[in-house]
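Student: Quick one: the structure is below, questions incoming.
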Amino acid sequence: MAALISSLCRPSPATPRFPLPSRGGCFDPRRRPLRLGFRCSASRSPRFDPDSEQKDKSFGLKESAISLALAIGLFTGVPALTSPAHASPASPVLPNLSVLISGPPIKDPGALLRNALPIDNKAIREVQRPLEDITESLKVSGVRALDLVERNIRQASRALEQGKTLILNGVAESKKEHGKELIEKLAVGMQEFQQIVEQRDRDAVAPKQKELLQYVGGVEEDMVDGFPYEVPEEYSNMPLLKGRATVDMKVKVKDNPNVQDCVFRIVLDGYNAPVTAGNFLDLVERHFYDGMAIQRADGFVVQTGDPEGPAEGFIDPSTEKVRTIPLEIMVIGDKTPIYGETLEELGRYKAQTRLPFNAFGTMAMARDEFDNNSGSSQVFWLLKESELTPSNANILDGRYAVFGYVTENEDYLADLKVGDVIESIQVVSGLENLVNPSYKIVG
């Protein structure tokens with residue numbers, strides 16, 4: 001488990017400013033509500049919501065989705081404003097929303113990462129869920145919140161006590177001792193948590209919840225025994241992340257008196273996107289992104305990765321050509337990712353992706369609009385959520401390859417502007433999971 005970052009964002013005392021991007025298309029600026037937790041800045045960059053014109057009854061949701069997909073331009077180069085060649089009235093962009101939305105969407109990046117692990121151990125999930133539900137319990141006002149938290153803790157404690165043997169049996173043999181240690185820490189932490197609630201110390205609840213969920217996540221990671229599948233032969237020689245890795249991205253913020261610099265912690269998920277995550281981690285080790293500016297920050301996404309010069313991606317010095325990677329999508333229920341095709345092209349309108357665009361700070365690979373396999377070095381982080389891109393029914397799911405989430409300081413991505421500079425991206429853990437690293441090749 002990678003150590004948590006501490007106060008890595010240094011605020012300066014100047015008066016807050018809110019630089020608003022110019023109005024464009026059919027979007028109006030809206031401020032994103034403040035979220036609790038450590039802040040990098042006292043200011044918030046605006047969000048954008050669809051104009052009232054898009055809410056006209058004569059303009060259906062699917063048509064709005066098409067317009068938005070074309071407008072946001074999550075592609076390399078200049079986005080085209082014509083419909084994709086594969087789009088047709090007979091091929092809906094969105095699945096039936098009632099099928100996808102079966103409950104409150106999971107938006108926490110840590111929860112999404114835990115659920116995305118290739119494991120099947122009901123006992124540990126029974127411990128995980130009530131601990132995650134504490135977040136919703138804390139939204140209730142007054143003393144009732146702590147009553148609900150107490151119920152969550154009792155449920156999690158009971159699940160741990162009853163399922164301890166099944167949980168330990170699910171841990172990979174090579175990681176058994178570490179897993180046992182984490183389970184013991186989890187049991188002690190449950191008792192400490194109960195005392196916190198009995199003392200009615202509401203401020204101590206969230207930090208303790210985070211600590212226990214880290215233990216749960218560690219146990220679940222210890223249940224993964226090796227890499228669960230073979231990458232297709234045509235991609236097997238590319239840099240691959242066979243597991244997970246954690247990186248810290250330090251950004252120097254310009255022209256903002258409230259922020260000097262900020263460090264974003266990012267977890268890359270190679271279990272579900274080994275080619276995409278491996279490509280990015282390989283570029284990180286090449287220091288490709290160090291010194292690169294943020295190139296797009298419009299309230300919907302933050303994007304970077306376009307190098308200087310005519311090329312729109314990374315030129316591999318060993319080949320002197322742009323290195324490209326295929327579109328890579330893992331669907332819940334599938335054993336291996338889908339390569340080279342969107343879910344829409346495959347007609348899988350009801351399929352849900354293992355790494356969805358649910359969390360603020362979802363990280364994905366940009367690509368050319370009409371070439372699924374044109375991803376190279378340009379990446380983006382999703383900020384926007386609206387009625388057109390709701391969690392669990394997002395028009396981006398199945399179209400772009402998600403390969404990680406910002407797990408620390410993700411809120412402050414909204415403070416970034418075009419021209420802010422990535423000072424460095426450094427690997428914190430998981431580099432040993434990168435195979436076929438090209439950065440080690442001289443030339």
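Identifiers in this document derive from the order of the structure tokens: chains are assigned A, B, ..., residues are numbered from 1 separately in each chain, and ligands are numbered from 1 in order of occurrence.
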Write out as a PDB file with C-alpha atoms, in the first residue's frame the residues lying within 7 Å of segment 221-232 of chain A, counting only C-alpha atoms and excluding same-chain residues fewer than 2 positions away.

Tutor:
```pdb
ATOM      1  CA  PRO A 118     -10.209  -9.143 -10.343  1.00  0.00           C
ATOM      2  CA  ILE A 119     -11.392 -10.966  -7.244  1.00  0.00           C
ATOM      3  CA  GLY A 170      -9.064 -15.921  -0.370  1.00  0.00           C
ATOM      4  CA  VAL A 171      -5.652 -14.299   0.060  1.00  0.00           C
ATOM      5  CA  ALA A 172      -2.978 -15.520  -2.365  1.00  0.00           C
ATOM      6  CA  LYS A 175       0.762 -12.887   0.362  1.00  0.00           C
ATOM      7  CA  GLY A 179      -3.035 -10.390   4.406  1.00  0.00           C
ATOM      8  CA  GLY A 217      -8.285  -2.526  -0.115  1.00  0.00           C
ATOM      9  CA  GLY A 218      -4.935  -3.999   0.887  1.00  0.00           C
ATOM     10  CA  VAL A 219      -6.520  -7.348   1.727  1.00  0.00           C
ATOM     11  CA  GLU A 234      -0.224  -8.250 -31.170  1.00  0.00           C
ATOM     12  CA  TYR A 235       0.076  -6.001 -28.094  1.00  0.00           C
ATOM     13  CA  SER A 236       2.117  -8.288 -25.851  1.00  0.00           C
ATOM     14  CA  LYS A 242       0.408  -6.037 -15.090  1.00  0.00           C
ATOM     15  CA  GLY A 243      -1.098  -4.840 -11.855  1.00  0.00           C
ATOM     16  CA  THR A 336     -10.303  -9.771 -20.959  1.00  0.00           C
TER      17      THR A 336
END
```

Student: Quick check for you: according to DSSP on this backbone, which residues of segment 168-377 of chain A are classed as helix (DSSP H, G or I)? Reply as number ranges by chain.

Tutor: A: 168-170, 173-198, 202-222, 233-235, 274-285

Student: Restricting the calculation to only C-alpha atoms, which member of A:Tyr271, A:Trp381, A:Tyr412, A:Phe288 is positioned closest to Ile315 of chain A?

Tutor: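 Of A:Tyr271, A:Trp381, A:Tyr412, A:Phe288, the one nearest Ile315 of chain A, counting only C-alpha atoms, is A:Phe288.
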
Student: I'd like the contact shell of segment 295-307 of chain A - 6 Å cut-off, only C-alpha atoms, skipping same-chain residues fewer than 6 positions apart - returned as a list in words.

Tutor: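 Here the answer would be Arg47, Phe48, Gly313, Ser377, Gln378, Val379, Phe380, Trp381, Leu382, Leu383, Lys384, Lys417 and Val418 of chain A.
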
Student: Take atom CA of Val197 of chain A and atom CA of Ile153 of chain A and report the distance between them in Å, one decimal.

Tutor: 9.1 Å

Student: Pick the closest to Met292 of chain A from A:Val435, A:Val322, A:Leu212, A:Met249: which is it, counting only C-alpha atoms?

Tutor: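 That would be A:Met249, the residue with the smallest distance to Met292 of chain A.
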
Student: Report the closest atom pair, with its distance in Å rounded to one decimal, for each residue of segment 203-255 of chain A that has an atom no farther than 12 Å from segment 429-432 of chain A; count only C-alpha atoms, sort by chain and then rising residue number, and write it as a tab-separated table.

Tutor:
```
residue	atom	partner	partner_atom	distance
A:Pro239	CA	A:Leu431	CA	11.5
A:Leu240	CA	A:Leu431	CA	10.7
A:Leu241	CA	A:Leu431	CA	8.3
A:Lys242	CA	A:Glu432	CA	9.0
A:Gly243	CA	A:Gly430	CA	7.6
A:Arg244	CA	A:Gly430	CA	5.9
A:Ala245	CA	A:Gly430	CA	4.0
A:Thr246	CA	A:Ser429	CA	5.2
A:Val247	CA	A:Ser429	CA	7.1
A:Asp248	CA	A:Ser429	CA	9.8
```

Student: Can you work out which one of A:Asn237, A:Asn433, A:Gln199, A:Gln194 has the shortest atom-to-atom distance to Leu281 of chain A, counting only C-alpha atoms?

Tutor: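 The shortest atom-to-atom distance to Leu281 of chain A comes from A:Asn433.
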
Student: For Lys164 of chain A, find every residue with an atom within 12 Å (counting only C-alpha atoms), except residues of its own chain fewer than 4 positions away, and show them as an mmCIF file with N, CA, C and O atoms, in the first residue's frame.

Tutor:
```
data_model
loop_
_atom_site.group_PDB
_atom_site.id
_atom_site.type_symbol
_atom_site.label_atom_id
_atom_site.label_comp_id
_atom_site.auth_asym_id
_atom_site.auth_seq_id
_atom_site.Cartn_x
_atom_site.Cartn_y
_atom_site.Cartn_z
ATOM 1 N N ASN A 121 -14.625 -12.524 -3.832
ATOM 2 C CA ASN A 121 -14.665 -12.960 -2.441
ATOM 3 C C ASN A 121 -15.785 -12.197 -1.743
ATOM 4 O O ASN A 121 -15.630 -11.032 -1.371
ATOM 5 N N LYS A 122 -16.908 -12.844 -1.611
ATOM 6 C CA LYS A 122 -18.087 -12.191 -1.056
ATOM 7 C C LYS A 122 -17.848 -11.724 0.371
ATOM 8 O O LYS A 122 -18.364 -10.671 0.799
ATOM 9 N N ALA A 123 -17.071 -12.470 1.144
ATOM 10 C CA ALA A 123 -16.879 -12.157 2.557
ATOM 11 C C ALA A 123 -16.218 -10.787 2.753
ATOM 12 O O ALA A 123 -16.637 -10.010 3.610
ATOM 13 N N ILE A 124 -15.197 -10.476 1.964
ATOM 14 C CA ILE A 124 -14.524 -9.179 2.123
ATOM 15 C C ILE A 124 -15.405 -8.052 1.598
ATOM 16 O O ILE A 124 -15.393 -6.938 2.119
ATOM 17 N N ARG A 125 -16.204 -8.325 0.578
ATOM 18 C CA ARG A 125 -17.126 -7.302 0.078
ATOM 19 C C ARG A 125 -18.187 -6.958 1.114
ATOM 20 O O ARG A 125 -18.663 -5.819 1.180
ATOM 21 N N GLU A 126 -18.570 -7.943 1.931
ATOM 22 C CA GLU A 126 -19.556 -7.704 2.983
ATOM 23 C C GLU A 126 -18.985 -6.802 4.073
ATOM 24 O O GLU A 126 -19.742 -6.142 4.799
ATOM 25 N N VAL A 127 -17.678 -6.776 4.216
ATOM 26 C CA VAL A 127 -17.024 -5.845 5.140
ATOM 27 C C VAL A 127 -16.884 -4.476 4.473
ATOM 28 O O VAL A 127 -17.089 -3.428 5.107
ATOM 29 N N ALA A 156 -20.278 -4.051 9.619
ATOM 30 C CA ALA A 156 -18.955 -4.399 9.107
ATOM 31 C C ALA A 156 -18.209 -5.306 10.073
ATOM 32 O O ALA A 156 -17.537 -6.267 9.655
ATOM 33 N N SER A 157 -18.318 -5.014 11.366
ATOM 34 C CA SER A 157 -17.637 -5.838 12.375
ATOM 35 C C SER A 157 -18.177 -7.258 12.387
ATOM 36 O O SER A 157 -17.416 -8.226 12.480
ATOM 37 N N ARG A 158 -19.489 -7.380 12.278
ATOM 38 C CA ARG A 158 -20.110 -8.705 12.262
ATOM 39 C C ARG A 158 -19.674 -9.480 11.020
ATOM 40 O O ARG A 158 -19.366 -10.676 11.090
ATOM 41 N N ALA A 159 -19.624 -8.782 9.872
ATOM 42 C CA ALA A 159 -19.197 -9.438 8.639
ATOM 43 C C ALA A 159 -17.749 -9.895 8.724
ATOM 44 O O ALA A 159 -17.407 -10.983 8.230
ATOM 45 N N LEU A 160 -16.906 -9.099 9.369
ATOM 46 C CA LEU A 160 -15.496 -9.473 9.512
ATOM 47 C C LEU A 160 -15.356 -10.675 10.433
ATOM 48 O O LEU A 160 -14.602 -11.618 10.134
ATOM 49 N N LEU A 168 -9.403 -14.840 4.752
ATOM 50 C CA LEU A 168 -8.002 -15.260 4.764
ATOM 51 C C LEU A 168 -7.751 -16.344 3.733
ATOM 52 O O LEU A 168 -6.692 -16.356 3.079
ATOM 53 N N ASN A 169 -8.713 -17.241 3.551
ATOM 54 C CA ASN A 169 -8.555 -18.293 2.541
ATOM 55 C C ASN A 169 -8.492 -17.715 1.129
ATOM 56 O O ASN A 169 -7.917 -18.330 0.229
ATOM 57 N N GLY A 170 -9.075 -16.542 0.941
ATOM 58 C CA GLY A 170 -9.064 -15.921 -0.370
ATOM 59 C C GLY A 170 -7.778 -15.191 -0.707
ATOM 60 O O GLY A 170 -7.559 -14.823 -1.873
ATOM 61 N N VAL A 171 -6.924 -14.983 0.287
ATOM 62 C CA VAL A 171 -5.652 -14.299 0.060
ATOM 63 C C VAL A 171 -4.681 -15.241 -0.653
ATOM 64 O O VAL A 171 -4.606 -16.431 -0.334
ATOM 65 N N GLY A 179 -1.584 -10.443 4.322
ATOM 66 C CA GLY A 179 -3.035 -10.390 4.406
ATOM 67 C C GLY A 179 -3.538 -10.607 5.817
ATOM 68 O O GLY A 179 -4.453 -9.912 6.279
ATOM 69 N N LYS A 180 -2.923 -11.554 6.512
ATOM 70 C CA LYS A 180 -3.309 -11.830 7.897
ATOM 71 C C LYS A 180 -3.046 -10.622 8.778
ATOM 72 O O LYS A 180 -3.854 -10.272 9.653
ATOM 73 N N LEU A 182 -3.034 -7.475 7.862
ATOM 74 C CA LEU A 182 -4.021 -6.438 7.565
ATOM 75 C C LEU A 182 -5.377 -6.767 8.183
ATOM 76 O O LEU A 182 -6.085 -5.876 8.677
ATOM 77 N N ILE A 183 -5.764 -8.038 8.167
ATOM 78 C CA ILE A 183 -7.036 -8.451 8.766
ATOM 79 C C ILE A 183 -7.031 -8.176 10.265
ATOM 80 O O ILE A 183 -8.032 -7.709 10.833
ATOM 81 N N GLU A 184 -5.904 -8.434 10.912
ATOM 82 C CA GLU A 184 -5.802 -8.167 12.351
ATOM 83 C C GLU A 184 -5.890 -6.671 12.624
ATOM 84 O O GLU A 184 -6.545 -6.237 13.589
ATOM 85 N N LEU A 186 -7.430 -4.543 10.801
ATOM 86 C CA LEU A 186 -8.817 -4.189 10.519
ATOM 87 C C LEU A 186 -9.700 -4.490 11.722
ATOM 88 O O LEU A 186 -10.562 -3.671 12.091
ATOM 89 N N ALA A 187 -9.489 -5.637 12.368
ATOM 90 C CA ALA A 187 -10.283 -6.005 13.537
ATOM 91 C C ALA A 187 -10.067 -5.031 14.690
ATOM 92 O O ALA A 187 -11.023 -4.595 15.347
ATOM 93 N N VAL A 219 -6.166 -5.923 1.694
ATOM 94 C CA VAL A 219 -6.520 -7.348 1.727
ATOM 95 C C VAL A 219 -7.001 -7.806 0.356
ATOM 96 O O VAL A 219 -6.619 -8.872 -0.137
#
```

Student: For Leu112 of chain A, which residue among A:Glu344, A:Glu198, A:Glu192, A:Glu132 is the nearest when counting only C-alpha atoms?

Tutor: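 Closest residue, counting only C-alpha atoms: A:Glu132.
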
Student: Calculated over only C-alpha atoms, which of the candidates A:Ile441, A:Leu283, A:Leu346, A:Val253 has the smallest distance to Ala414 of chain A?

Tutor: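 Closest residue, counting only C-alpha atoms: A:Val253.
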
Student: Report the distance between atom CA of Ala116 of chain A and atom CA of Phe360 of chain A in Å, rounded to one decimal place.

Tutor: 16.7 Å

Student: Report as a PyMOL selection string all protein, DNA and RNA residues lying within 10 Å of Arg154 of chain A, evaluated on only C-alpha atoms, omitting residues in the same chain fewer than 6 positions from it.

Tutor: chain A and resi 130-131+148+160+190-191+193-194

Student: Could the residues in this selection be saved with N, CA and C atoms as a short mmCIF file (atom, residue, chain, number, x, y, z; two decimals), in the first residue's frame?

Tutor:
```cif
data_model
loop_
_atom_site.label_atom_id
_atom_site.label_comp_id
_atom_site.auth_asym_id
_atom_site.auth_seq_id
_atom_site.Cartn_x
_atom_site.Cartn_y
_atom_site.Cartn_z
N PRO A 130 -20.53 -1.81 4.06
CA PRO A 130 -21.00 -0.93 5.15
C PRO A 130 -19.98 0.14 5.53
N LEU A 131 -18.70 -0.15 5.38
CA LEU A 131 -17.69 0.89 5.66
C LEU A 131 -17.80 2.01 4.63
N LEU A 148 -26.45 6.18 12.48
CA LEU A 148 -26.32 5.41 11.25
C LEU A 148 -24.91 4.86 11.10
N LEU A 160 -16.91 -9.10 9.37
CA LEU A 160 -15.50 -9.47 9.51
C LEU A 160 -15.36 -10.67 10.43
N MET A 190 -11.75 -1.72 13.94
CA MET A 190 -13.20 -1.74 14.14
C MET A 190 -13.55 -1.41 15.59
N GLN A 191 -12.78 -1.98 16.52
CA GLN A 191 -13.02 -1.70 17.94
C GLN A 191 -12.76 -0.23 18.26
N PHE A 193 -12.99 2.18 16.16
CA PHE A 193 -14.05 2.94 15.50
C PHE A 193 -15.31 2.98 16.38
N GLN A 194 -15.61 1.85 16.99
CA GLN A 194 -16.77 1.79 17.86
C GLN A 194 -16.63 2.77 19.02
#
```

Student: For the structure I just gave you, how does DSSP split segment 174-380 of chain A - specifically, which residues are strand (DSSP E or B)? Reply as number ranges by chain.

Tutor: A: 240-241, 244-252, 259, 261-269, 293, 296-297, 301-304, 315-316, 321-322, 325, 328-329, 331, 338-339, 353, 362-365, 375, 379-380

Student: Between A:Leu343, A:Leu434, A:Met330, A:Ala204, which is the closest to Pro356 of chain A once you count only C-alpha atoms?

Tutor: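 Selected residue with least distance to Pro356 of chain A: A:Met330.
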
Student: Between atom CA of Val428 of chain A and atom CA of Leu268 of chain A, what is the distance in Å, rounded to a tenth?

Tutor: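 Taking atom CA of Val428 of chain A and atom CA of Leu268 of chain A, their separation equals 11.2 Å.
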